[in-house]
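What follows is a single structure, written as structure tokens, with notes after it.
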Amino acid sequence: MRIGFNPNKDQQNDNLVYFHQIIIPVYIPNQESYFKNSLAILKLCLESLFLTVHKKTFITIVNNGSCAEVKNYLQELYLNEKIHELLDTTNIGKLNAILKGVVGHNFPLITITDSDVLFLNGWQDATYSVFNNFQKAGIVCPTPSSRSLRTFTSNIYWDKILSKDLSFSKVKNPLALKNFANSIGSPDFYNKAHLEKYFTISNKNEKAVVGAGHFAGTYRGIIFNDLKIKYSNYKLGGDSESKILDIPVVQNDLWRLSTSDNYAYHMGNVMEDWMKEEVSKLELNQIESDFVLKPIKLGSKWTYFVKSKFFGKIILNKKVMKYFIRYKGLSKDEAENYLK
């Protein structure tokens with residue numbers, strides 16, 4: 001039986017106060033072995049986030065089957081209004097958890113990040129600057145990588161192959177690259193050539209690094225509006241990240257870019273003293289951002305086929321790429337070492 005009239009019927013949502021959503025999938029099934037330090041690292045990740053984001057940021061956490069202590073911690077954050085949305089589920093996989101966070105919202109910008117990222121002051125403003133100066137930016141990562149130049153980047157090369165805007169630049173923060181390499185347990189991930197120069201696109205106001213990583217990135221929300229894939233068979237890895245986070249960007253003929261300086265650290269799963277030290281240096285962001293993302297016309301299936309499927313097979317081939325990066329400023333020896 002129903003009595004009366006639901007006051008919410010036919011009422012439109014109020015204008016959103018928030019324009020930037022952050023989605024963090026969290027999977028910490030226990031606090032042993034691999035996950036021994038994961039809760040402590042998650043707390044540092046979120047503390048760095050709370051300190052660095054502006055007031056128009058909407059934080060969504062998807063608890064992807066974590067243990068009771070982690071679940072209780074996240075619930076406490078939600079009840080204390082430190083986060084805006086908490087979704088609880090069994091372990092359905094990282095990408096499926098991310099999709100749950102996307103559904104039901106319509107934010108212009110969506111940051112998708114792992115739960116072991118330490119954010120630094122200014123990361124949002126640096127990200128917005130790239131979006132503002134490169135209208136075709138579809139994702140912006142706050143951690144540049146010298147090795148990202150061949151990962152879903154062929155549409156950039158199609159658009160700028162003859163332009164002086166595309167060239168090699170001196171790495172701003174080589175120590176950050178070394179720190180990332182250590183954080184993934186691969187200290188030789190970047191060689192000497194990678195630590196000295198990275199591939200950039202420039203204009204008179206801004207310089208961005210070509211390519212973007214997965215562990216933290218801010219996307220144009222419109223990319224996910226027509227996402228064809230609603231489910232991934234993989235809990236982690238496989239082709240799930242490329243199909244859901246990489247390909248939709250280039251399918252819409254948008255660019256994958258990173259900030260030229262480093263604005264976040266990857267912590268990994270082992271607690272180290274430097275992590276607490278970095279968080280202690282952070283200052284509370286009290287700015288109410290007035291950034292407005294400029295609208296853009298998305299590309300067609302035809303542009304995706306030509307720039308990414310056809311041209312991509314040519315330009316991203318290692319042999320061809322060696323000549324291309326020499327044309328764009330590297331010496332013969334540098335080019336040889338760069339693609340190793």
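Identifiers in this document derive from the order of the structure tokens: chains are assigned A, B, ..., residues are numbered from 1 separately in each chain, and ligands are numbered from 1 in order of occurrence.
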Item to check | Which of region 111-329 of chain A fall in strand (DSSP E), as a PyMOL selection string | outcome: chain A and resi 111-113+117-119+137-141+166-170+197-202+207-210+216-220+255-259+264-266
Next on the checklist: With only C-alpha atoms as the counted atoms, please give the residues lying no more than 9 Å from Val130 (chain A), apart from itself and same-chain residues fewer than 3 positions off, as a PyMOL selection string.
Outcome noted: chain A and resi 125-127+133-135+137+140+206-208+257-259
Taking only C-alpha atoms into account, produce a table as JSON lines in which each residue of region 227-308 of chain A with an atom at most 8 Å from an atom of region 42-63 of chain A appears once, together with its shortest atom pair and the distance in Å to one decimal, ordered by chain and rising number.
{"residue": "A:Met275", "atom": "CA", "partner": "A:Leu44", "partner_atom": "CA", "distance": 7.6}
{"residue": "A:Lys276", "atom": "CA", "partner": "A:Leu44", "partner_atom": "CA", "distance": 7.3}
{"residue": "A:Val279", "atom": "CA", "partner": "A:Ser48", "partner_atom": "CA", "distance": 6.0}
{"residue": "A:Leu282", "atom": "CA", "partner": "A:Leu51", "partner_atom": "CA", "distance": 6.8}
{"residue": "A:Glu283", "atom": "CA", "partner": "A:Leu51", "partner_atom": "CA", "distance": 6.3}
{"residue": "A:Leu284", "atom": "CA", "partner": "A:Leu51", "partner_atom": "CA", "distance": 4.5}
{"residue": "A:Asn285", "atom": "CA", "partner": "A:Thr52", "partner_atom": "CA", "distance": 5.2}
{"residue": "A:Gln286", "atom": "CA", "partner": "A:His54", "partner_atom": "CA", "distance": 6.4}
{"residue": "A:Ile287", "atom": "CA", "partner": "A:His54", "partner_atom": "CA", "distance": 5.6}
{"residue": "A:Glu288", "atom": "CA", "partner": "A:Lys55", "partner_atom": "CA", "distance": 5.3}
{"residue": "A:Ser289", "atom": "CA", "partner": "A:His54", "partner_atom": "CA", "distance": 6.3}
For the residues selected in the previous step, produce a file with N, CA and C atoms as a compact mmCIF listing (two decimals), in the first residue's frame.
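Dumped everything to result19.txt:
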# COMPACT_ATOMS: atom_id res chain seq x y z
N MET A 275 57.64 7.84 2.70
CA MET A 275 56.22 8.05 2.42
C MET A 275 55.59 8.97 3.46
N LYS A 276 55.83 8.67 4.73
CA LYS A 276 55.30 9.52 5.80
C LYS A 276 55.92 10.91 5.74
N VAL A 279 54.13 12.93 3.01
CA VAL A 279 52.78 13.35 3.43
C VAL A 279 52.86 14.48 4.45
N LEU A 282 52.91 18.01 2.99
CA LEU A 282 51.76 18.51 2.23
C LEU A 282 51.01 19.59 2.99
N GLU A 283 50.49 20.54 2.24
CA GLU A 283 49.68 21.62 2.82
C GLU A 283 48.24 21.46 2.38
N LEU A 284 47.31 21.78 3.27
CA LEU A 284 45.89 21.64 2.97
C LEU A 284 45.48 22.60 1.86
N ASN A 285 44.85 22.05 0.84
CA ASN A 285 44.35 22.85 -0.27
C ASN A 285 42.99 23.43 0.11
N GLN A 286 42.89 24.72 0.23
CA GLN A 286 41.64 25.37 0.62
C GLN A 286 41.03 26.16 -0.53
N ILE A 287 41.54 25.94 -1.73
CA ILE A 287 41.06 26.67 -2.90
C ILE A 287 39.78 26.02 -3.44
N GLU A 288 38.84 26.85 -3.87
CA GLU A 288 37.62 26.38 -4.52
C GLU A 288 37.80 26.61 -6.01
N SER A 289 38.19 25.60 -6.72
CA SER A 289 38.58 25.73 -8.12
C SER A 289 37.43 26.24 -8.99
Checklist entry - What is the distance between CA of Ile28 (chain A) and CA of Thr113 (chain A), in Å to one decimal? => result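 A separation of 15.2 Å between them.
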Which region 150-254 of chain A residues have any atom within 8 Å of an atom of region 295-299 of chain A, and for each, what is the nearest pair of atoms with distance in Å to one decimal, counting only C-alpha atoms, rows sorted by chain and number, as CSV?
residue,atom,partner,partner_atom,distance
A:Gln251,CA,A:Gly299,CA,7.1
A:Asn252,CA,A:Gly299,CA,4.6
A:Asp253,CA,A:Gly299,CA,4.8
A:Leu254,CA,A:Leu298,CA,7.5
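Each of A:Tyr219, A:Phe224, A:Phe199, A:Trp255 was compared to Ala335 (chain A) using only C-alpha atoms, and A:Phe199 turns out to be the nearest.
The nearest approach to Leu74 (chain A) among the residues A:Tyr27, A:Tyr128, A:Phe119, A:Phe291, with only C-alpha atoms taken into account, belongs to A:Tyr27.
The coordinates place CA of Val209 (chain A) at 16.3 Å from CA of Val250 (chain A).
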Next on the checklist: I'd like the contact shell of region 180-188 of chain A - 7 Å cut-off, only C-alpha atoms, skipping same-chain residues fewer than 3 positions apart - returned as number ranges by chain.
Outcome noted: A: 176-177, 191, 265-268
Checklist entry - What does the distance from CA of Gly217 (chain A) to CA of Val171 (chain A) come to in Å, to one decimal? => result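 One can read the CA of Gly217 (chain A) to CA of Val171 (chain A) distance as 19.7 Å.
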Would you mind listing what lies within 12 Å of Phe310 (chain A) as a tab-separated table (two decimals) with N, CA, C and O atoms, in the first residue's frame, with only C-alpha atoms counted and same-chain residues fewer than 6 positions away left out?
chain	number	residue	atom	x	y	z
A	154	SER	N	49.63	6.79	-31.41
A	154	SER	CA	49.82	7.04	-32.84
A	154	SER	C	48.96	8.19	-33.35
A	154	SER	O	49.33	8.87	-34.32
A	155	ASN	N	47.79	8.44	-32.72
A	155	ASN	CA	46.96	9.55	-33.21
A	155	ASN	C	47.62	10.90	-32.95
A	155	ASN	O	47.42	11.86	-33.71
A	158	TRP	N	50.08	11.23	-35.84
A	158	TRP	CA	49.36	11.56	-37.07
A	158	TRP	C	49.06	13.06	-37.11
A	158	TRP	O	49.27	13.72	-38.12
A	302	TRP	N	36.01	6.15	-38.19
A	302	TRP	CA	36.93	6.24	-39.32
A	302	TRP	C	38.27	6.82	-38.88
A	302	TRP	O	39.32	6.30	-39.27
A	303	THR	N	38.25	7.89	-38.08
A	303	THR	CA	39.51	8.47	-37.62
A	303	THR	C	40.28	7.49	-36.75
A	303	THR	O	41.50	7.42	-36.79
A	304	TYR	N	39.56	6.71	-35.94
A	304	TYR	CA	40.21	5.70	-35.09
A	304	TYR	C	40.89	4.65	-35.96
A	304	TYR	O	42.05	4.27	-35.71
A	316	LEU	N	54.34	2.91	-34.83
A	316	LEU	CA	54.74	2.35	-33.55
A	316	LEU	C	55.64	1.13	-33.69
A	316	LEU	O	56.12	0.60	-32.69
A	317	ASN	N	55.87	0.70	-34.92
A	317	ASN	CA	56.84	-0.36	-35.17
A	317	ASN	C	58.22	0.12	-34.73
A	317	ASN	O	58.63	1.24	-35.04
Item to check | Near-Asp165 (chain A) list (12 Å; only C-alpha atoms; drop same-chain fewer than 4 positions) as JSON, numbers by chain | outcome: {"A": [134, 156, 157, 159, 160, 161, 169, 199, 200, 201, 202, 203, 204, 205, 206, 207, 208, 209, 210, 328, 329]}
Next on the checklist: Counting only C-alpha atoms, which residue out of A:Lys230, A:Lys136, A:Lys192, A:Lys322 sits closest to Val103 (chain A)?
Outcome noted: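 Closest to Val103 (chain A), using only C-alpha atoms: A:Lys230.
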Item to check | Filtered DSSP result for region 84-261 of chain A, state alpha helix (DSSP H), as a PyMOL selection string | outcome: chain A and resi 94-102+123-133+154-160+174-183+192-196+240-241+247-251
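With only C-alpha atoms as the atoms that count, the minimum distance from Lys307 (chain A) to the choices A:Asn173, A:Asn179, A:Ser260, A:Thr153 is reached by A:Thr153.
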Next on the checklist: Residues near Asn91 (chain A), anyone? I mean within 8 Å using only C-alpha atoms, not counting same-chain ones fewer than 3 positions away, as a list in words.
Outcome noted: Tyr27, Asn64, Gly65, Ser66 and Lys235 of chain A
Output C-alpha atoms for every residue in the selection just made, as a PDB file, in the first residue's frame.
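What follows is the written file out-v2.pdb:
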ATOM      1  CA  TYR A  27      41.215  -4.668  -2.540  1.00  0.00           C
ATOM      2  CA  ASN A  64      36.275  -4.585  -3.716  1.00  0.00           C
ATOM      3  CA  GLY A  65      36.032  -7.400  -1.184  1.00  0.00           C
ATOM      4  CA  SER A  66      38.432  -6.151   1.489  1.00  0.00           C
ATOM      5  CA  LYS A 235      40.095  -9.579 -11.787  1.00  0.00           C
TER       6      LYS A 235
END
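Across A:Leu77, A:Ile325, A:Ile22, A:Leu166, the tightest approach to Leu109 (chain A) is made by A:Ile22 when counting only C-alpha atoms.
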